[in-house]
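Content type mmCIF, C-alpha atoms, from the file protein.cif:
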```cif
data_coords
#
loop_
_atom_site.group_PDB
_atom_site.id
_atom_site.type_symbol
_atom_site.label_atom_id
_atom_site.label_comp_id
_atom_site.auth_asym_id
_atom_site.auth_seq_id
_atom_site.Cartn_x
_atom_site.Cartn_y
_atom_site.Cartn_z
ATOM 1 C CA MET A 1129 58.064 -141.143 22.110
ATOM 2 C CA SER A 1130 59.905 -137.843 21.931
ATOM 3 C CA HIS A 1131 58.497 -134.851 23.791
ATOM 4 C CA TYR A 1132 59.920 -132.631 21.080
ATOM 5 C CA ASP A 1133 57.601 -131.341 18.417
ATOM 6 C CA VAL A 1134 59.952 -132.249 15.592
ATOM 7 C CA ASN A 1135 57.560 -130.911 12.956
ATOM 8 C CA GLU A 1136 57.537 -127.481 14.548
ATOM 9 C CA LEU A 1137 61.268 -127.581 15.290
ATOM 10 C CA VAL A 1138 62.203 -128.356 11.682
ATOM 11 C CA ARG A 1139 59.620 -125.903 10.367
ATOM 12 C CA SER A 1140 61.004 -122.964 12.326
ATOM 13 C CA ILE A 1141 64.622 -123.826 11.548
ATOM 14 C CA VAL A 1142 64.048 -124.375 7.824
ATOM 15 C CA ILE A 1143 62.104 -121.123 7.506
ATOM 16 C CA ASP A 1144 64.757 -119.230 9.432
ATOM 17 C CA THR A 1145 67.719 -120.782 7.603
ATOM 18 C CA LEU A 1146 66.386 -120.651 4.074
ATOM 19 C CA GLY A 1147 64.284 -117.542 4.403
ATOM 20 C CA ILE A 1148 61.162 -119.253 3.070
ATOM 21 C CA PRO A 1149 57.934 -117.270 3.473
ATOM 22 C CA THR A 1150 55.885 -119.063 6.150
ATOM 23 C CA ASP A 1151 52.891 -119.488 3.867
ATOM 24 C CA LEU A 1152 55.024 -121.323 1.302
ATOM 25 C CA TYR A 1153 56.371 -123.824 3.826
ATOM 26 C CA SER A 1154 55.213 -127.390 3.388
ATOM 27 C CA THR A 1155 56.599 -130.773 4.393
ATOM 28 C CA ASP A 1156 56.339 -131.725 0.713
ATOM 29 C CA LEU A 1157 58.999 -129.183 -0.272
ATOM 30 C CA VAL A 1158 61.790 -130.962 -2.119
ATOM 31 C CA PHE A 1159 65.403 -130.047 -1.529
ATOM 32 C CA SER A 1160 66.981 -128.766 -4.718
ATOM 33 C CA ALA A 1161 70.347 -130.105 -5.781
ATOM 34 C CA ASP A 1162 71.890 -127.197 -3.896
ATOM 35 C CA LEU A 1163 70.191 -128.216 -0.654
ATOM 36 C CA GLY A 1164 71.264 -131.849 -0.722
ATOM 37 C CA LEU A 1165 73.359 -133.908 1.655
ATOM 38 C CA GLU A 1166 76.531 -131.967 0.973
ATOM 39 C CA SER A 1167 74.986 -128.535 0.855
ATOM 40 C CA LEU A 1168 75.950 -125.865 3.305
ATOM 41 C CA ASP A 1169 72.299 -125.072 3.894
ATOM 42 C CA LEU A 1170 71.513 -128.594 5.009
ATOM 43 C CA LEU A 1171 74.603 -128.583 7.230
ATOM 44 C CA ASP A 1172 73.419 -125.311 8.720
ATOM 45 C CA ILE A 1173 69.984 -126.831 9.361
ATOM 46 C CA PHE A 1174 71.600 -129.859 11.030
ATOM 47 C CA PHE A 1175 73.636 -127.647 13.366
ATOM 48 C CA ARG A 1176 70.618 -125.608 14.330
ATOM 49 C CA ILE A 1177 68.565 -128.719 15.074
ATOM 50 C CA GLU A 1178 71.417 -130.059 17.209
ATOM 51 C CA CYS A 1179 71.461 -126.811 19.184
ATOM 52 C CA THR A 1180 67.777 -127.216 20.002
ATOM 53 C CA ALA A 1181 67.104 -130.936 20.380
ATOM 54 C CA PRO A 1182 69.199 -133.680 22.032
ATOM 55 C CA VAL A 1183 70.131 -135.294 18.754
ATOM 56 C CA ILE A 1184 73.477 -135.679 17.010
ATOM 57 C CA LEU A 1185 72.552 -135.013 13.421
ATOM 58 C CA SER A 1186 75.805 -135.604 11.604
ATOM 59 C CA VAL A 1187 76.059 -136.054 7.874
ATOM 60 C CA GLU A 1188 77.502 -139.491 8.589
ATOM 61 C CA LYS A 1189 74.341 -140.504 10.440
ATOM 62 C CA CYS A 1190 72.286 -139.124 7.593
ATOM 63 C CA GLY A 1191 74.244 -141.302 5.155
ATOM 64 C CA ARG A 1192 73.715 -144.421 7.268
ATOM 65 C CA TYR A 1193 70.022 -143.614 7.619
ATOM 66 C CA LEU A 1194 69.581 -143.326 3.846
ATOM 67 C CA GLN A 1195 71.569 -146.435 2.985
ATOM 68 C CA GLY A 1196 70.177 -148.622 5.774
ATOM 69 C CA ALA A 1197 71.575 -152.139 5.815
ATOM 70 C CA VAL A 1198 72.307 -152.294 2.091
ATOM 71 C CA PRO A 1199 75.982 -153.214 1.543
ATOM 72 C CA ASP A 1200 78.179 -150.511 -0.026
ATOM 73 C CA THR A 1201 78.768 -152.531 -3.169
ATOM 74 C CA GLU A 1202 75.049 -153.105 -3.720
ATOM 75 C CA PHE A 1203 73.572 -149.644 -3.215
ATOM 76 C CA CYS A 1204 74.686 -148.095 -6.505
ATOM 77 C CA ASP A 1205 76.839 -148.787 -9.520
ATOM 78 C CA ALA A 1206 80.025 -147.082 -10.721
ATOM 79 C CA ARG A 1207 78.030 -144.330 -12.432
ATOM 80 C CA GLY A 1208 76.246 -143.592 -9.182
ATOM 81 C CA ILE A 1209 72.951 -145.093 -10.389
ATOM 82 C CA ILE A 1210 71.009 -146.574 -7.501
ATOM 83 C CA SER A 1211 70.335 -150.290 -7.760
ATOM 84 C CA GLY A 1212 67.042 -152.103 -7.261
ATOM 85 C CA ARG A 1213 68.076 -153.011 -3.737
ATOM 86 C CA GLY A 1214 69.116 -149.436 -3.077
ATOM 87 C CA MET A 1215 65.729 -148.206 -4.335
ATOM 88 C CA GLU A 1216 63.950 -150.692 -2.087
ATOM 89 C CA GLN A 1217 65.758 -149.219 0.926
ATOM 90 C CA LEU A 1218 65.325 -145.617 -0.212
ATOM 91 C CA THR A 1219 61.567 -145.948 -0.565
ATOM 92 C CA THR A 1220 61.381 -146.878 3.120
ATOM 93 C CA VAL A 1221 62.930 -143.536 4.128
ATOM 94 C CA MET A 1222 61.750 -141.480 1.126
ATOM 95 C CA PRO A 1223 58.307 -142.997 0.509
ATOM 96 C CA GLN A 1224 57.390 -140.356 -2.069
ATOM 97 C CA LEU A 1225 59.880 -141.878 -4.536
ATOM 98 C CA ASP A 1226 58.233 -143.777 -7.361
ATOM 99 C CA ALA A 1227 60.397 -146.900 -7.684
ATOM 100 C CA VAL A 1228 59.008 -147.709 -11.134
ATOM 101 C CA ARG A 1229 59.607 -144.218 -12.504
ATOM 102 C CA TRP A 1230 63.151 -144.096 -11.138
ATOM 103 C CA ASP A 1231 64.133 -147.655 -11.935
ATOM 104 C CA GLY A 1232 67.682 -147.543 -13.328
ATOM 105 C CA LYS A 1233 67.610 -143.742 -13.538
ATOM 106 C CA LEU A 1234 68.046 -142.362 -10.048
ATOM 107 C CA THR A 1235 71.582 -141.183 -9.357
ATOM 108 C CA LEU A 1236 73.127 -140.374 -5.986
ATOM 109 C CA ASP A 1237 73.109 -136.641 -6.738
ATOM 110 C CA ARG A 1238 69.500 -136.722 -7.874
ATOM 111 C CA MET A 1239 68.533 -138.755 -4.805
ATOM 112 C CA LEU A 1240 69.587 -135.874 -2.585
ATOM 113 C CA ALA A 1241 67.714 -133.404 -4.733
ATOM 114 C CA GLU A 1242 64.560 -135.497 -4.253
ATOM 115 C CA MET A 1243 64.639 -135.288 -0.455
ATOM 116 C CA THR A 1244 61.756 -133.448 1.150
ATOM 117 C CA ILE A 1245 61.321 -131.564 4.386
ATOM 118 C CA GLY A 1246 59.081 -134.467 5.425
ATOM 119 C CA ASN A 1247 61.996 -136.869 4.893
ATOM 120 C CA LEU A 1248 64.163 -134.661 7.115
ATOM 121 C CA ILE A 1249 61.495 -134.667 9.835
ATOM 122 C CA SER A 1250 61.295 -138.473 9.727
ATOM 123 C CA MET A 1251 65.070 -138.715 9.968
ATOM 124 C CA VAL A 1252 65.228 -136.414 12.996
ATOM 125 C CA GLU A 1253 62.418 -138.374 14.681
ATOM 126 C CA ASN A 1254 64.242 -141.616 13.950
ATOM 127 C CA LEU A 1255 67.545 -140.345 15.347
ATOM 128 C CA LEU A 1256 65.838 -138.905 18.422
ATOM 129 C CA ALA A 1257 64.215 -142.286 19.080
ATOM 130 C CA GLU A 1258 67.575 -143.996 18.556
ATOM 131 C CA GLY A 1259 69.219 -141.676 21.080
ATOM 132 C CA GLN A 1260 66.460 -142.301 23.625
ATOM 133 C CA ALA A 1261 66.752 -146.050 23.159
ATOM 134 C CA ALA A 1262 70.517 -145.799 23.731
ATOM 135 C CA HIS A 1263 69.932 -143.978 27.011
ATOM 136 C CA ALA A 1264 67.093 -146.252 28.195
ATOM 137 C CA MET B 1316 93.529 -147.023 15.953
ATOM 138 C CA PRO B 1317 93.013 -144.689 13.021
ATOM 139 C CA ASP B 1318 94.231 -145.827 9.643
ATOM 140 C CA PRO B 1319 97.246 -143.962 8.316
ATOM 141 C CA GLY B 1320 96.328 -141.384 5.714
ATOM 142 C CA LYS B 1321 96.743 -142.465 2.149
ATOM 143 C CA PRO B 1322 97.262 -140.135 -0.787
ATOM 144 C CA ALA B 1323 94.591 -140.698 -3.381
ATOM 145 C CA ALA B 1324 96.565 -142.685 -5.879
ATOM 146 C CA GLY B 1325 95.470 -146.023 -7.216
ATOM 147 C CA ASP B 1326 97.307 -148.671 -9.129
ATOM 148 C CA GLY B 1327 99.073 -146.467 -11.635
ATOM 149 C CA GLY B 1328 96.093 -146.059 -13.924
ATOM 150 C CA ARG B 1329 95.791 -149.639 -15.113
ATOM 151 C CA PRO B 1330 92.389 -151.181 -14.471
ATOM 152 C CA PRO B 1331 92.643 -154.791 -13.388
ATOM 153 C CA ALA B 1332 92.141 -157.203 -16.253
ATOM 154 C CA GLY B 1333 88.546 -158.255 -16.774
ATOM 155 C CA THR B 1334 86.862 -155.211 -15.250
ATOM 156 C CA ASP B 1335 85.162 -152.267 -16.889
ATOM 157 C CA SER B 1336 86.213 -148.805 -15.919
ATOM 158 C CA VAL B 1337 84.316 -145.555 -15.970
ATOM 159 C CA LEU B 1338 85.633 -142.020 -16.382
ATOM 160 C CA ARG B 1339 83.967 -139.891 -13.748
ATOM 161 C CA VAL B 1340 83.783 -136.131 -13.385
ATOM 162 C CA GLY B 1341 82.533 -134.596 -10.172
ATOM 163 C CA SER B 1342 81.847 -130.866 -9.954
ATOM 164 C CA TYR B 1343 80.777 -128.790 -7.026
ATOM 165 C CA GLY B 1344 80.232 -125.040 -6.848
ATOM 166 C CA VAL B 1345 79.882 -123.039 -3.671
ATOM 167 C CA ASP B 1346 79.225 -119.453 -2.637
ATOM 168 C CA THR B 1347 82.283 -118.285 -0.703
ATOM 169 C CA GLY B 1348 80.151 -115.942 1.385
ATOM 170 C CA ALA B 1349 77.958 -118.858 2.469
ATOM 171 C CA VAL B 1350 81.029 -120.771 3.631
ATOM 172 C CA GLU B 1351 82.256 -117.794 5.618
ATOM 173 C CA ARG B 1352 78.829 -117.266 7.195
ATOM 174 C CA LEU B 1353 78.590 -120.924 8.209
ATOM 175 C CA VAL B 1354 82.056 -120.836 9.783
ATOM 176 C CA ALA B 1355 81.260 -117.555 11.553
ATOM 177 C CA TRP B 1356 77.993 -118.950 12.900
ATOM 178 C CA HIS B 1357 79.024 -122.473 13.878
ATOM 179 C CA GLY B 1358 82.798 -122.210 14.319
ATOM 180 C CA PRO B 1359 85.847 -123.286 12.300
ATOM 181 C CA GLY B 1360 85.108 -126.992 12.814
ATOM 182 C CA ALA B 1361 81.733 -126.717 11.069
ATOM 183 C CA LEU B 1362 82.995 -127.873 7.693
ATOM 184 C CA GLN B 1363 85.003 -130.765 9.152
ATOM 185 C CA LEU B 1364 87.915 -129.709 6.975
ATOM 186 C CA SER B 1365 90.782 -131.565 8.571
ATOM 187 C CA SER B 1366 94.301 -130.823 7.410
ATOM 188 C CA GLY B 1367 96.164 -133.597 5.705
ATOM 189 C CA GLY B 1368 99.242 -132.620 7.671
ATOM 190 C CA GLY B 1369 102.764 -132.830 6.371
ATOM 191 C CA ALA B 1370 104.586 -130.102 4.521
ATOM 192 C CA GLY B 1371 101.791 -129.364 2.113
ATOM 193 C CA GLY B 1372 100.881 -125.877 3.299
ATOM 194 C CA SER B 1373 97.468 -124.843 4.478
ATOM 195 C CA PHE B 1374 94.264 -123.113 3.515
ATOM 196 C CA THR B 1375 93.354 -119.638 4.671
ATOM 197 C CA THR B 1376 89.898 -118.888 6.004
ATOM 198 C CA GLY B 1377 88.829 -117.742 2.542
ATOM 199 C CA GLY B 1378 90.345 -120.873 1.083
ATOM 200 C CA SER B 1379 87.939 -123.008 3.115
ATOM 201 C CA ALA B 1380 85.540 -122.688 0.208
ATOM 202 C CA VAL B 1381 88.182 -124.143 -2.123
ATOM 203 C CA ALA B 1382 88.888 -127.038 0.225
ATOM 204 C CA TRP B 1383 85.178 -127.682 0.769
ATOM 205 C CA ALA B 1384 84.400 -127.627 -2.950
ATOM 206 C CA LEU B 1385 87.347 -129.894 -3.820
ATOM 207 C CA ARG B 1386 86.321 -132.482 -1.237
ATOM 208 C CA GLN B 1387 82.697 -132.532 -2.373
ATOM 209 C CA ALA B 1388 83.712 -132.731 -6.051
ATOM 210 C CA ALA B 1389 85.960 -135.715 -5.310
ATOM 211 C CA LEU B 1390 83.196 -137.483 -3.376
ATOM 212 C CA ARG B 1391 80.785 -136.933 -6.265
ATOM 213 C CA ALA B 1392 83.290 -138.297 -8.760
ATOM 214 C CA LEU B 1393 83.855 -141.407 -6.656
ATOM 215 C CA ALA B 1394 80.121 -142.257 -6.800
ATOM 216 C CA ALA B 1395 80.349 -143.653 -3.315
ATOM 217 C CA PRO B 1396 77.176 -144.890 -1.584
ATOM 218 C CA PRO B 1397 75.737 -142.564 1.094
ATOM 219 C CA ARG B 1398 77.344 -144.363 4.039
ATOM 220 C CA ILE B 1399 80.808 -143.792 2.543
ATOM 221 C CA ALA B 1400 80.147 -140.424 0.891
ATOM 222 C CA SER B 1401 79.064 -138.979 4.217
ATOM 223 C CA ARG B 1402 82.352 -139.849 5.939
ATOM 224 C CA TRP B 1403 83.744 -136.355 5.507
ATOM 225 C CA ASN B 1404 86.318 -136.874 8.237
ATOM 226 C CA ASP B 1405 87.906 -139.609 6.140
ATOM 227 C CA ILE B 1406 89.035 -137.138 3.506
ATOM 228 C CA SER B 1407 91.434 -134.255 3.881
ATOM 229 C CA LEU B 1408 93.358 -132.046 1.579
ATOM 230 C CA ARG B 1409 96.967 -130.986 1.470
ATOM 231 C CA GLY B 1410 97.883 -127.819 -0.349
ATOM 232 C CA THR B 1411 97.293 -124.112 -0.379
ATOM 233 C CA ASP B 1412 94.513 -121.905 -1.680
ATOM 234 C CA GLU B 1413 96.130 -121.793 -5.104
ATOM 235 C CA GLY B 1414 97.074 -125.469 -5.302
ATOM 236 C CA PRO B 1415 98.466 -127.897 -6.090
ATOM 237 C CA TRP B 1416 96.286 -130.122 -3.954
ATOM 238 C CA THR B 1417 96.600 -133.670 -2.744
ATOM 239 C CA LEU B 1418 93.626 -135.602 -1.435
ATOM 240 C CA VAL B 1419 94.280 -137.840 1.540
ATOM 241 C CA PHE B 1420 91.855 -140.668 2.208
ATOM 242 C CA ARG B 1421 91.607 -142.521 5.506
ATOM 243 C CA GLY B 1422 89.530 -145.215 7.113
ATOM 244 C CA GLU B 1423 86.546 -146.637 5.265
ATOM 245 C CA LEU B 1424 86.799 -144.080 2.479
ATOM 246 C CA ALA B 1425 90.407 -145.119 1.840
ATOM 247 C CA ARG B 1426 89.361 -148.764 1.674
ATOM 248 C CA PHE B 1427 86.540 -147.912 -0.735
ATOM 249 C CA ALA B 1428 88.858 -145.817 -2.928
ATOM 250 C CA GLU B 1429 91.481 -148.541 -2.934
ATOM 251 C CA ARG B 1430 88.872 -150.944 -4.281
ATOM 252 C CA VAL B 1431 87.423 -148.738 -7.015
ATOM 253 C CA LEU B 1432 89.950 -146.066 -7.928
ATOM 254 C CA HIS B 1433 92.218 -146.566 -10.927
ATOM 255 C CA GLY B 1434 95.063 -144.066 -11.021
ATOM 256 C CA ASP B 1435 95.104 -140.578 -9.609
ATOM 257 C CA VAL B 1436 92.409 -137.994 -9.040
ATOM 258 C CA SER B 1437 92.847 -134.863 -11.143
ATOM 259 C CA LEU B 1438 91.659 -131.713 -9.380
ATOM 260 C CA SER B 1439 91.024 -128.207 -10.683
ATOM 261 C CA VAL B 1440 89.294 -125.099 -9.424
ATOM 262 C CA THR B 1441 87.684 -122.222 -11.241
ATOM 263 C CA SER B 1442 86.630 -119.118 -9.400
ATOM 264 C CA GLY B 1443 84.708 -115.959 -10.026
ATOM 265 C CA PRO B 1444 83.452 -113.177 -7.801
ATOM 266 C CA GLY B 1445 82.003 -114.849 -4.698
ATOM 267 C CA ARG B 1446 81.963 -118.318 -6.200
ATOM 268 C CA VAL B 1447 84.325 -121.288 -6.333
ATOM 269 C CA THR B 1448 83.752 -124.393 -8.443
ATOM 270 C CA ALA B 1449 85.903 -127.492 -8.110
ATOM 271 C CA HIS B 1450 86.205 -130.375 -10.544
ATOM 272 C CA ALA B 1451 87.537 -133.847 -9.850
ATOM 273 C CA VAL B 1452 88.250 -136.289 -12.661
ATOM 274 C CA LEU B 1453 89.075 -139.917 -12.036
ATOM 275 C CA THR B 1454 88.758 -143.391 -13.454
ATOM 276 C CA ARG B 1455 87.008 -145.902 -11.289
ATOM 277 C CA ALA B 1456 86.160 -149.547 -11.514
ATOM 278 C CA GLY B 1457 82.967 -150.408 -13.291
ATOM 279 C CA THR B 1458 80.560 -153.143 -12.457
ATOM 280 C CA PRO B 1459 82.153 -156.320 -11.127
ATOM 281 C CA ASP B 1460 82.753 -159.270 -13.402
ATOM 282 C CA PRO B 1461 79.662 -161.390 -13.851
ATOM 283 C CA SER B 1462 79.647 -164.557 -11.835
ATOM 284 C CA PRO B 1463 77.208 -167.471 -11.768
ATOM 285 C CA GLU B 1464 75.675 -165.998 -8.591
ATOM 286 C CA ASN B 1465 75.562 -162.486 -9.957
ATOM 287 C CA PRO B 1466 75.003 -162.550 -13.731
ATOM 288 C CA ARG B 1467 74.778 -159.254 -15.610
#
```

Translate the structure described by the file into structure tokens.
Amino acid sequence: MSHYDVNELVRSIVIDTLGIPTDLYSTDLVFSADLGLESLDLLDIFFRIECTAPVILSVEKCGRYLQGAVPDTEFCDARGIISGRGMEQLTTVMPQLDAVRWDGKLTLDRMLAEMTIGNLISMVENLLAEGQAAHA
Amino acid sequence: MPDPGKPAAGDGGRPPAGTDSVLRVGSYGVDTGAVERLVAWHGPGALQLSSGGGAGGSFTTGGSAVAWALRQAALRALAAPPRIASRWNDISLRGTDEGPWTLVFRGELARFAERVLHGDVSLSVTSGPGRVTAHAVLTRAGTPDPSPENPR
């Protein structure tokens, strides 16, 4: 188990980076389309987390974390709509997603917009644990 | 050994017989000030904007926003799954701030593009005070042909 308080780490960095009033902060906050995987704000948050905790939080790792073991050809179709298998994987890392509601409708861009602070915390915890396992 | 860079051109615009194709437009807008702040804070490597090399010219610091927006627009248009779309180091751009631009794909992204891309990627940029928006238009392969194991 990590000795880092990832919740507090992410909280302070998100508040500082995005300028959110502390009383509005919640792990249920959803990233808007502008704060998704390719956004500068998320990149900024990644860098700041890396400066504080022993975790390499690259966008590439984030992509692998979201896609899991689903093959590239099976995650989404040519229009970027996430497949049933892709949704199955996504709900393991973004449990707030309603697979029935999004069935055949969730696109890659929208997926990123649906990410929450809580999802980011889980990802950091997962990558920290991965790093510790690699050094064990 | 790294794969040699490949300009983003497909098979001359002709989809293979028996496959659907989809016209895709990817757009991405960015605040130029935000790009400059990120680079100032985290260093010039922060955006992972590698040069495509060759005699294609280069981007100025201010042009980083153009290069960043063009790359993200192209990745959106490709509709690549997260594992591929996050491989920013596999895509670079040749050109200058004003264009013309050439995308260069490498590694896994190049292999993905080779499989799905039909023809070239058309790139354009619009800009206003403090904002740059890039657009990428391409034709990519649709869903694979149905097979007995994978009926549509």

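Applied to this file, the PyMOL selection byres ((chain B and resi 1386-1395) around 7) selects the residues Ala1206, Arg1207 and Gly1208 of chain A; Arg1339, Val1340, Gly1341, Ser1342, Tyr1343, Ala1382, Trp1383, Ala1384, Leu1385, Pro1396, Pro1397, Ile1399, Ala1400, Ala1449, His1450, Ala1451, Val1452 and Leu1453 of chain B.
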
Practice task
Pull out every residue that the PyMOL selection byres ((chain A) within 8 of (chain B)) matches in the shown coordinates and put them as a PyMOL selection string.
Solution key: chain A and resi 1166+1168+1172+1175+1187-1192+1194-1195+1200-1201+1203-1208+1236-1237

Completion exercise
Between CA of Ile1210 in chain A and CA of His1433 in chain B lies a distance of 21.5 Å

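Among A:Gly1259, A:Pro1199, A:Gly1246, A:Gly1232, the residue with the shortest atom-to-atom distance to Val1134 in chain A, counting only C-alpha atoms, is A:Gly1246.
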
Exercise for the section: Would you please work out which residue, of A:Leu1234, A:Leu1240, A:Leu1255, A:Leu1157, is nearest to Ile1209 in chain A when using only C-alpha atoms? Expected result: A:Leu1234

Exercise for the section: Tell me which residues the PyMOL selection byres ((chain A and resi 1224-1230) around 12) grabs here, as a PyMOL selection string. Expected result: chain A and resi 1155-1158+1209-1223+1231-1236+1238-1247

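Between CA of Trp1416 in chain B and CA of Ser1439 in chain B the interatomic distance comes to 8.8 Å.
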
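Closest approach to Val1142 in chain A from the set A:Val1198, A:Leu1248, A:Pro1182, A:Glu1253 is made by A:Leu1248, with distances taken over only C-alpha atoms.
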
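Minimum distance to Thr1448 in chain B across B:Ser1407, B:Thr1347, B:Gln1363, B:Thr1417 (counting all atoms listed in the file) occurs at B:Thr1347.
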
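Using all atoms listed in the file, the nearest neighbour of Leu1418 in chain B within the list B:Gly1348, B:Asp1405, B:Ala1380, B:Pro1359 is B:Asp1405.
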
Fill in the blank from the handout: Using all atoms listed in the file, the shortest atom-to-atom distance to Ala1425 in chain B among B:Ser1437, B:Ile1406, B:Glu1351, B:Gly1358 belongs to B:Ile1406

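One finds CA of Ser1140 in chain A at 15.7 Å from CA of Ser1250 in chain A.
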
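If you count all atoms listed in the file and ignore residues fewer than 2 places along the chain from Thr1180 in chain A, what sits within 12 Å of it is Tyr1132, Asp1133, Val1134, Glu1136, Leu1137, Val1138, Ser1140, Ile1141, Ile1173, Phe1174, Phe1175, Arg1176, Ile1177, Glu1178, Pro1182, Val1183, Ile1184, Leu1185, Val1252 and Leu1256 of chain A.
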